[in-house]
file input12.pdb (PDB, C-alpha atoms and all ligand atoms)
ATOM      1  CA  MET A   1      15.613   0.650  15.069
ATOM      2  CA  SER A   2      12.299  -0.867  14.189
ATOM      3  CA  GLU A   3      12.174  -3.991  12.050
ATOM      4  CA  PHE A   4      10.377  -4.099   8.686
ATOM      5  CA  ILE A   5       7.684  -6.706   8.111
ATOM      6  CA  ALA A   6       7.295  -6.272   4.357
ATOM      7  CA  ILE A   7       3.983  -7.260   2.752
ATOM      8  CA  ASP A   8       3.312  -6.690  -0.936
ATOM      9  CA  GLY A   9       0.306  -7.554  -3.030
ATOM     10  CA  PRO A  10      -2.253  -6.288  -5.528
ATOM     11  CA  ALA A  11      -5.477  -4.453  -4.722
ATOM     12  CA  GLY A  12      -8.126  -6.713  -3.222
ATOM     13  CA  SER A  13      -5.635  -9.295  -1.945
ATOM     14  CA  GLY A  14      -6.638  -8.454   1.621
ATOM     15  CA  LYS A  15      -3.239  -6.872   2.243
ATOM     16  CA  SER A  16      -4.477  -3.685   3.960
ATOM     17  CA  SER A  17      -6.970  -5.242   6.344
ATOM     18  CA  VAL A  18      -4.721  -8.207   7.131
ATOM     19  CA  SER A  19      -1.711  -5.940   7.766
ATOM     20  CA  ALA A  20      -3.759  -3.706  10.076
ATOM     21  CA  ALA A  21      -5.134  -6.681  12.027
ATOM     22  CA  ILE A  22      -1.655  -8.137  12.501
ATOM     23  CA  ALA A  23      -0.153  -4.815  13.579
ATOM     24  CA  ARG A  24      -2.933  -4.366  16.163
ATOM     25  CA  ARG A  25      -2.666  -7.892  17.459
ATOM     26  CA  ARG A  26       1.104  -7.771  17.860
ATOM     27  CA  GLY A  27       1.530  -4.140  18.945
ATOM     28  CA  TYR A  28       3.436  -3.282  15.785
ATOM     29  CA  GLY A  29       3.296  -0.124  13.726
ATOM     30  CA  LEU A  30       1.482  -0.071  10.392
ATOM     31  CA  LEU A  31       2.609   1.794   7.306
ATOM     32  CA  ASP A  32       0.197   1.872   4.365
ATOM     33  CA  THR A  33       2.521   3.023   1.581
ATOM     34  CA  GLY A  34      -0.314   3.167  -0.960
ATOM     35  CA  ALA A  35      -1.837   5.961   1.157
ATOM     36  CA  ALA A  36       1.214   8.152   0.413
ATOM     37  CA  TYR A  37       0.841   7.653  -3.354
ATOM     38  CA  ARG A  38      -2.891   8.280  -3.069
ATOM     39  CA  ALA A  39      -2.306  11.443  -1.022
ATOM     40  CA  LEU A  40       0.047  12.793  -3.665
ATOM     41  CA  ALA A  41      -2.433  11.951  -6.435
ATOM     42  CA  TRP A  42      -5.170  13.775  -4.479
ATOM     43  CA  HIS A  43      -2.839  16.758  -4.042
ATOM     44  CA  VAL A  44      -2.128  16.928  -7.795
ATOM     45  CA  LEU A  45      -5.873  16.817  -8.596
ATOM     46  CA  GLU A  46      -6.619  19.430  -5.928
ATOM     47  CA  ARG A  47      -4.114  21.793  -7.548
ATOM     48  CA  GLY A  48      -5.990  21.376 -10.817
ATOM     49  CA  GLY A  49      -3.314  19.158 -12.354
ATOM     50  CA  HIS A  50      -3.387  15.781 -14.027
ATOM     51  CA  THR A  51      -1.299  12.820 -12.836
ATOM     52  CA  ASP A  52      -0.276  11.992 -16.431
ATOM     53  CA  ASP A  53       1.554  15.313 -16.432
ATOM     54  CA  THR A  54       4.980  14.595 -14.878
ATOM     55  CA  ASP A  55       5.778  18.282 -14.312
ATOM     56  CA  ALA A  56       2.506  18.785 -12.447
ATOM     57  CA  VAL A  57       3.242  15.748 -10.247
ATOM     58  CA  LEU A  58       6.818  16.865  -9.513
ATOM     59  CA  ALA A  59       5.634  20.382  -8.655
ATOM     60  CA  ALA A  60       2.982  18.986  -6.300
ATOM     61  CA  ALA A  61       5.576  16.689  -4.677
ATOM     62  CA  ALA A  62       7.836  19.668  -3.971
ATOM     63  CA  ASP A  63       5.020  21.208  -1.932
ATOM     64  CA  PHE A  64       3.744  18.126  -0.110
ATOM     65  CA  ASP A  65       3.465  18.191   3.672
ATOM     66  CA  LEU A  66       2.246  14.628   4.155
ATOM     67  CA  ARG A  67       1.128  13.534   7.618
ATOM     68  CA  LEU A  68       0.999   9.761   7.771
ATOM     69  CA  GLY A  69       1.285   7.930  11.071
ATOM     70  CA  LEU A  70       2.135   4.356  12.058
ATOM     71  CA  ASP A  71      -0.681   3.712  14.515
ATOM     72  CA  PRO A  72      -2.940   0.884  13.261
ATOM     73  CA  ASP A  73      -5.791   2.391  15.301
ATOM     74  CA  ASP A  74      -5.419   5.818  13.711
ATOM     75  CA  ARG A  75      -5.157   5.462   9.974
ATOM     76  CA  SER A  76      -5.763   9.126   9.276
ATOM     77  CA  VAL A  77      -3.919  10.834   6.448
ATOM     78  CA  ALA A  78      -3.483  14.586   6.128
ATOM     79  CA  ILE A  79      -1.673  17.142   4.024
ATOM     80  CA  GLY A  80      -0.796  19.954   6.384
ATOM     81  CA  ASP A  81      -3.983  20.538   8.394
ATOM     82  CA  THR A  82      -6.319  19.090   5.759
ATOM     83  CA  ASP A  83      -7.624  15.632   6.611
ATOM     84  CA  ILE A  84      -7.866  13.533   3.443
ATOM     85  CA  THR A  85      -8.413  10.094   4.997
ATOM     86  CA  ALA A  86     -11.680   9.468   3.146
ATOM     87  CA  ALA A  87     -10.887  11.534   0.049
ATOM     88  CA  ILE A  88      -7.898   9.380  -0.965
ATOM     89  CA  ARG A  89     -10.198   6.339  -1.316
ATOM     90  CA  GLU A  90     -12.476   8.036  -3.850
ATOM     91  CA  PRO A  91     -12.606   6.389  -7.300
ATOM     92  CA  ARG A  92     -11.191   9.549  -8.966
ATOM     93  CA  VAL A  93      -8.039   9.154  -6.843
ATOM     94  CA  SER A  94      -7.829   5.378  -7.457
ATOM     95  CA  SER A  95      -7.977   6.078 -11.208
ATOM     96  CA  ALA A  96      -5.288   8.769 -11.030
ATOM     97  CA  VAL A  97      -2.820   7.203  -8.591
ATOM     98  CA  SER A  98      -0.865   5.024 -11.059
ATOM     99  CA  GLY A  99       0.141   8.226 -12.868
ATOM    100  CA  VAL A 100       1.977   9.354  -9.757
ATOM    101  CA  ALA A 101       3.492   5.934  -8.994
ATOM    102  CA  ARG A 102       5.073   5.548 -12.444
ATOM    103  CA  ILE A 103       7.578   8.381 -11.885
ATOM    104  CA  PRO A 104      10.977   7.115 -10.600
ATOM    105  CA  ALA A 105      11.861  10.394  -8.819
ATOM    106  CA  ILE A 106       8.566  10.226  -6.927
ATOM    107  CA  ARG A 107       9.206   6.618  -5.901
ATOM    108  CA  GLU A 108      12.646   7.573  -4.589
ATOM    109  CA  GLN A 109      11.218  10.497  -2.623
ATOM    110  CA  VAL A 110       8.472   8.452  -0.965
ATOM    111  CA  ASN A 111      10.838   5.545  -0.243
ATOM    112  CA  ILE A 112      13.166   7.878   1.693
ATOM    113  CA  PHE A 113      10.130   9.072   3.640
ATOM    114  CA  PHE A 114       9.017   5.466   4.384
ATOM    115  CA  ARG A 115      12.470   4.380   5.585
ATOM    116  CA  SER A 116      12.788   7.398   7.860
ATOM    117  CA  LEU A 117       9.318   6.771   9.349
ATOM    118  CA  VAL A 118      10.239   3.154  10.150
ATOM    119  CA  ALA A 119      13.653   4.169  11.506
ATOM    120  CA  ARG A 120      11.985   6.544  13.987
ATOM    121  CA  ALA A 121       9.125   4.192  14.925
ATOM    122  CA  PRO A 122       8.633   3.530  18.630
ATOM    123  CA  GLN A 123       7.309   0.015  17.973
ATOM    124  CA  PRO A 124       9.676  -3.016  17.746
ATOM    125  CA  ALA A 125       8.449  -3.728  14.219
ATOM    126  CA  VAL A 126       6.350  -2.053  11.544
ATOM    127  CA  VAL A 127       4.148  -3.897   9.067
ATOM    128  CA  VAL A 128       4.855  -2.046   5.840
ATOM    129  CA  GLU A 129       2.438  -2.863   3.047
ATOM    130  CA  GLY A 130       2.608  -1.911  -0.599
ATOM    131  CA  ARG A 131       3.800  -3.094  -4.003
ATOM    132  CA  ASP A 132       7.603  -2.867  -3.815
ATOM    133  CA  ILE A 133       8.372  -3.226  -0.123
ATOM    134  CA  THR A 134       9.805  -6.752  -0.411
ATOM    135  CA  THR A 135      11.915  -5.810  -3.437
ATOM    136  CA  VAL A 136      12.885  -2.118  -3.306
ATOM    137  CA  VAL A 137      12.002  -0.429  -0.023
ATOM    138  CA  ALA A 138      13.217  -3.189   2.310
ATOM    139  CA  PRO A 139      14.783  -6.057   0.333
ATOM    140  CA  ASP A 140      16.750  -7.110   3.451
ATOM    141  CA  ALA A 141      13.727  -7.277   5.762
ATOM    142  CA  PRO A 142      13.648 -10.459   7.879
ATOM    143  CA  VAL A 143      10.014 -11.062   6.900
ATOM    144  CA  ARG A 144       8.965 -10.579   3.267
ATOM    145  CA  ILE A 145       5.550 -11.754   2.119
ATOM    146  CA  LEU A 146       3.597 -11.544  -1.129
ATOM    147  CA  LEU A 147      -0.126 -11.788  -0.482
ATOM    148  CA  THR A 148      -2.013 -12.819  -3.595
ATOM    149  CA  ALA A 149      -5.485 -13.967  -4.625
ATOM    150  CA  ALA A 150      -7.100 -14.913  -7.915
ATOM    151  CA  PRO A 151      -8.192 -11.814  -9.914
ATOM    152  CA  GLU A 152     -11.908 -12.673  -9.787
ATOM    153  CA  VAL A 153     -11.755 -13.107  -6.000
ATOM    154  CA  ARG A 154      -9.977  -9.762  -5.600
ATOM    155  CA  ALA A 155     -12.558  -7.985  -7.744
ATOM    156  CA  ALA A 156     -15.421  -9.581  -5.813
ATOM    157  CA  ARG A 157     -13.885  -8.476  -2.494
ATOM    158  CA  ARG A 158     -13.461  -4.927  -3.735
ATOM    159  CA  ALA A 159     -17.023  -4.813  -5.083
ATOM    160  CA  GLY A 160     -18.252  -5.957  -1.662
ATOM    161  CA  GLU A 161     -16.283  -3.187   0.079
ATOM    162  CA  LEU A 162     -17.568  -0.394  -2.138
ATOM    163  CA  SER A 163     -21.318  -0.380  -1.870
ATOM    164  CA  GLY A 164     -23.293   1.038  -4.758
ATOM    165  CA  GLU A 165     -20.687   0.217  -7.358
ATOM    166  CA  ASN A 166     -21.256  -2.220 -10.086
ATOM    167  CA  ALA A 167     -19.109  -5.368  -9.774
ATOM    168  CA  ALA A 168     -18.127  -5.365 -13.461
ATOM    169  CA  GLU A 169     -16.989  -1.743 -13.253
ATOM    170  CA  VAL A 170     -14.983  -2.497 -10.140
ATOM    171  CA  ALA A 171     -13.337  -5.482 -11.820
ATOM    172  CA  ALA A 172     -12.455  -3.398 -14.886
ATOM    173  CA  ALA A 173     -10.993  -0.540 -12.806
ATOM    174  CA  LEU A 174      -8.991  -2.956 -10.687
ATOM    175  CA  HIS A 175      -7.645  -4.748 -13.741
ATOM    176  CA  LYS A 176      -6.638  -1.449 -15.327
ATOM    177  CA  ARG A 177      -4.831  -0.261 -12.181
ATOM    178  CA  ASP A 178      -3.024  -3.622 -11.763
ATOM    179  CA  ALA A 179      -1.893  -3.444 -15.401
ATOM    180  CA  SER A 180      -0.480   0.097 -15.027
ATOM    181  CA  ASP A 181       1.104  -0.668 -11.665
ATOM    182  CA  SER A 182       2.707  -3.943 -12.726
ATOM    183  CA  ALA A 183       4.463  -2.147 -15.586
ATOM    184  CA  VAL A 184       6.349  -0.244 -12.860
ATOM    185  CA  VAL A 185       6.925  -2.911 -10.191
ATOM    186  CA  ASP A 186       6.282  -6.635 -10.326
ATOM    187  CA  PHE A 187       3.993  -7.409  -7.411
ATOM    188  CA  LEU A 188       2.281 -10.388  -9.035
ATOM    189  CA  ASN A 189       5.304 -12.706  -8.826
ATOM    190  CA  ALA A 190       7.388 -13.271  -5.716
ATOM    191  CA  ALA A 191      11.049 -12.249  -5.816
ATOM    192  CA  GLU A 192      13.614 -14.718  -4.498
ATOM    193  CA  GLY A 193      13.241 -15.345  -0.783
ATOM    194  CA  VAL A 194       9.737 -13.839  -0.642
ATOM    195  CA  GLU A 195       7.056 -16.100   0.863
ATOM    196  CA  VAL A 196       3.765 -16.314  -1.020
ATOM    197  CA  VAL A 197       0.470 -16.449   0.854
ATOM    198  CA  ASP A 198      -2.421 -17.098  -1.534
ATOM    199  CA  SER A 199      -5.707 -16.005   0.048
ATOM    200  CA  THR A 200      -7.958 -17.179  -2.813
ATOM    201  CA  HIS A 201      -9.477 -19.956  -0.690
ATOM    202  CA  LEU A 202      -8.934 -18.379   2.729
ATOM    203  CA  ASP A 203     -11.290 -16.193   4.705
ATOM    204  CA  PHE A 204     -10.055 -13.134   6.602
ATOM    205  CA  SER A 205      -9.081 -14.903   9.816
ATOM    206  CA  GLN A 206      -7.432 -17.803   7.960
ATOM    207  CA  THR A 207      -5.392 -15.286   5.957
ATOM    208  CA  ILE A 208      -4.257 -13.568   9.154
ATOM    209  CA  ASP A 209      -3.201 -16.942  10.593
ATOM    210  CA  ALA A 210      -1.296 -17.855   7.420
ATOM    211  CA  VAL A 211       0.593 -14.547   7.436
ATOM    212  CA  LEU A 212       1.302 -14.790  11.180
ATOM    213  CA  ALA A 213       2.697 -18.293  10.654
ATOM    214  CA  VAL A 214       5.222 -16.882   8.166
ATOM    215  CA  ILE A 215       6.111 -14.004  10.500
ATOM    216  CA  ASP A 216       6.685 -16.365  13.417
ATOM    217  CA  ARG A 217       8.825 -18.656  11.311
ATOM    218  CA  LYS A 218      10.989 -15.848   9.890
ATOM    219  CA  GLN A 219      11.331 -13.359  12.726
TER     220      GLN A 219
HETATM  221  O1  LIG B 301      -2.437  -0.176  -1.934
HETATM  222  P1  LIG B 301      -3.256   0.852  -2.688
HETATM  223  O2  LIG B 301      -4.206   0.225  -3.638
HETATM  224  O3  LIG B 301      -3.898   1.858  -1.793
HETATM  225  O4  LIG B 301      -2.168   1.640  -3.545
HETATM  226  C1  LIG B 301      -2.531   2.743  -4.342
HETATM  227  C2  LIG B 301      -1.553   2.875  -5.484
HETATM  228  O5  LIG B 301      -0.293   3.316  -4.999
HETATM  229  C3  LIG B 301      -1.272   1.626  -6.290
HETATM  230  O6  LIG B 301      -2.256   1.425  -7.264
HETATM  231  C4  LIG B 301       0.098   1.943  -6.884
HETATM  232  O7  LIG B 301      -0.056   2.764  -8.024
HETATM  233  C5  LIG B 301       0.748   2.777  -5.817
HETATM  234  N1  LIG B 301       1.679   2.055  -4.943
HETATM  235  C6  LIG B 301       2.945   1.805  -5.402
HETATM  236  N2  LIG B 301       3.888   1.245  -4.585
HETATM  237  C7  LIG B 301       3.567   0.930  -3.319
HETATM  238  C8  LIG B 301       2.262   1.155  -2.839
HETATM  239  C9  LIG B 301       1.322   1.702  -3.690
HETATM  240  O8  LIG B 301       3.250   2.086  -6.564
HETATM  241  N3  LIG B 301       4.508   0.428  -2.519
END

call {"tool": "encode", "arguments": {"input": "input12.pdb", "output": "structure tokens"}}
result
Amino acid sequence: MSEFIAIDGPAGSGKSSVSAAIARRRGYGLLDTGAAYRALAWHVLERGGHTDDTDAVLAAAADFDLRLGLDPDDRSVAIGDTDITAAIREPRVSSAVSGVARIPAIREQVNIFFRSLVARAPQPAVVVEGRDITTVVAPDAPVRILLTAAPEVRAARRAGELSGENAAEVAAALHKRDASDSAVVDFLNAAEGVEVVDSTHLDFSQTIDAVLAVIDRKQ
């Protein structure tokens, strides 16, 4: 049975890149739970539906052959034979994904999928990153971390990642998604026993070191 290393945080906190770097460095698996929500949102849109329409989301989820691996060096995502690795990062999917994530039955379905992936993982531990890993998916994990950063720093990081997009637009979209998401799960405040790592004043490698220090202390 593989161990959970649970890392939650908002968009732009550095959570995805830091989690991937740590998984690679330590030989752990990596599970990007946001990719599953994004894949389902993409699937709803592809079927001509809207993610605000609960029936459309539930129907898409009933016909959802998600292929999501745990290899930090192969972060590909597919539905059946269709590779959607790049498509799930498109702004239209980012704008639609909160509509999928707000539905409790969907959250339950994906959480069962996440736990079974980790249970079958060949690695000794899996870094599982998302919004509710420390609180809902794996509240008993030995390592639970909330990675945060000031909102303006998160927006600036995201704007830097997405070339060609206007920084103000990126900040507005990020703020909107955080607001919708935090109405569903609280990922801006640490639950009891969850260690906070604030990356506002840390660069990438300092953030990795800070997270590794928590892992080494807790594991
Ligand atoms: O992490 P990422 O930004 O890719 O997540 C995409 C979306 O998936 C979030 O905006 C949120 O709506 C949803 N999500 C979630 N719970 C998780 C991970 C992601 O609700 N554990």

call {"tool": "residues_around", "arguments": {"input": "input12.pdb", "residues": "range 80-87 of chain A", "least_positions_apart": "2", "cutoff": "12 Å", "atoms": "all atoms listed in the file", "output": "PDB file with C-alpha atoms, in the coordinates of the input"}}
result
ATOM      1  CA  ASP A  32       0.197   1.872   4.365  1.00  0.00           C
ATOM      2  CA  ALA A  35      -1.837   5.961   1.157  1.00  0.00           C
ATOM      3  CA  ALA A  36       1.214   8.152   0.413  1.00  0.00           C
ATOM      4  CA  ARG A  38      -2.891   8.280  -3.069  1.00  0.00           C
ATOM      5  CA  ALA A  39      -2.306  11.443  -1.022  1.00  0.00           C
ATOM      6  CA  LEU A  40       0.047  12.793  -3.665  1.00  0.00           C
ATOM      7  CA  ALA A  41      -2.433  11.951  -6.435  1.00  0.00           C
ATOM      8  CA  TRP A  42      -5.170  13.775  -4.479  1.00  0.00           C
ATOM      9  CA  HIS A  43      -2.839  16.758  -4.042  1.00  0.00           C
ATOM     10  CA  LEU A  45      -5.873  16.817  -8.596  1.00  0.00           C
ATOM     11  CA  GLU A  46      -6.619  19.430  -5.928  1.00  0.00           C
ATOM     12  CA  ASP A  63       5.020  21.208  -1.932  1.00  0.00           C
ATOM     13  CA  PHE A  64       3.744  18.126  -0.110  1.00  0.00           C
ATOM     14  CA  ASP A  65       3.465  18.191   3.672  1.00  0.00           C
ATOM     15  CA  LEU A  66       2.246  14.628   4.155  1.00  0.00           C
ATOM     16  CA  ARG A  67       1.128  13.534   7.618  1.00  0.00           C
ATOM     17  CA  LEU A  68       0.999   9.761   7.771  1.00  0.00           C
ATOM     18  CA  GLY A  69       1.285   7.930  11.071  1.00  0.00           C
ATOM     19  CA  ASP A  74      -5.419   5.818  13.711  1.00  0.00           C
ATOM     20  CA  ARG A  75      -5.157   5.462   9.974  1.00  0.00           C
ATOM     21  CA  SER A  76      -5.763   9.126   9.276  1.00  0.00           C
ATOM     22  CA  VAL A  77      -3.919  10.834   6.448  1.00  0.00           C
ATOM     23  CA  ALA A  78      -3.483  14.586   6.128  1.00  0.00           C
ATOM     24  CA  ARG A  89     -10.198   6.339  -1.316  1.00  0.00           C
ATOM     25  CA  GLU A  90     -12.476   8.036  -3.850  1.00  0.00           C
ATOM     26  CA  PRO A  91     -12.606   6.389  -7.300  1.00  0.00           C
ATOM     27  CA  ARG A  92     -11.191   9.549  -8.966  1.00  0.00           C
ATOM     28  CA  VAL A  93      -8.039   9.154  -6.843  1.00  0.00           C
ATOM     29  CA  SER A  94      -7.829   5.378  -7.457  1.00  0.00           C
TER      30      SER A  94
END

call {"tool": "residues_around", "arguments": {"input": "input12.pdb", "residues": "range 58-62 of chain A", "least_positions_apart": "6", "cutoff": "9 Å", "atoms": "all atoms listed in the file", "output": "list in words"}}
result
Leu40, Ala41, His43, Val44, Arg47, Gly49, Val100, Ile103, Ala105, Ile106 and Gln109 of chain A

call {"tool": "residues_near_ligand", "arguments": {"input": "input12.pdb", "ligand": "ligand LIG 301 (chain B)", "cutoff": "6 Å", "atoms": "all atoms listed in the file", "output": "ChimeraX atom specification"}}
result
/A:11,33-35,37-38,97-98,101,130-133,177,181

call {"tool": "closest_residue", "arguments": {"input": "input12.pdb", "among": "A:Asp203, A:Phe4, A:Asp73, A:Val194", "to": "Ser116 in chain A", "atoms": "all atoms listed in the file"}}
result
A:Phe4

call {"tool": "closest_residue", "arguments": {"input": "input12.pdb", "among": "A:Ala168, A:Leu146, A:Leu30, A:Ala156", "to": "Gly12 in chain A", "atoms": "only C-alpha atoms"}}
result
A:Ala156

call {"tool": "residues_near_point", "arguments": {"input": "input12.pdb", "point": "(-10.7, -4.3, -12.5)", "cutoff": "10 Å", "atoms": "all atoms listed in the file", "output": "list of chain:residue names"}}
result
A:Ala11, A:Gly12, A:Pro151, A:Glu152, A:Arg154, A:Ala155, A:Ala156, A:Arg158, A:Ala159, A:Ala167, A:Ala168, A:Glu169, A:Val170, A:Ala171, A:Ala172, A:Ala173, A:Leu174, A:His175, A:Lys176, A:Arg177, A:Asp178, A:Ala179

call {"tool": "resolve_selection", "arguments": {"input": "input12.pdb", "expression": "the PyMOL selection byres (((chain A and resi 210) around 12) and not hetatm)", "output": "MDAnalysis selection string"}}
result
chainID A and resid 18:19 22 145:147 195:199 201:209 211:217

call {"tool": "closest_residue", "arguments": {"input": "input12.pdb", "among": "A:His50, A:Lys15, A:Arg25, A:Arg144", "to": "Glu3 in chain A", "atoms": "all atoms listed in the file"}}
result
A:Arg144

call {"tool": "atom_distance", "arguments": {"input": "input12.pdb", "atom1": "CA of Pro10 in chain A", "atom2": "CA of Glu192 in chain A"}}
result
18.0 Å

call {"tool": "closest_residue", "arguments": {"input": "input12.pdb", "among": "A:Gly27, A:Thr134, A:Gly160, A:Val143", "to": "Ala121 in chain A", "atoms": "all atoms listed in the file"}}
result
A:Gly27
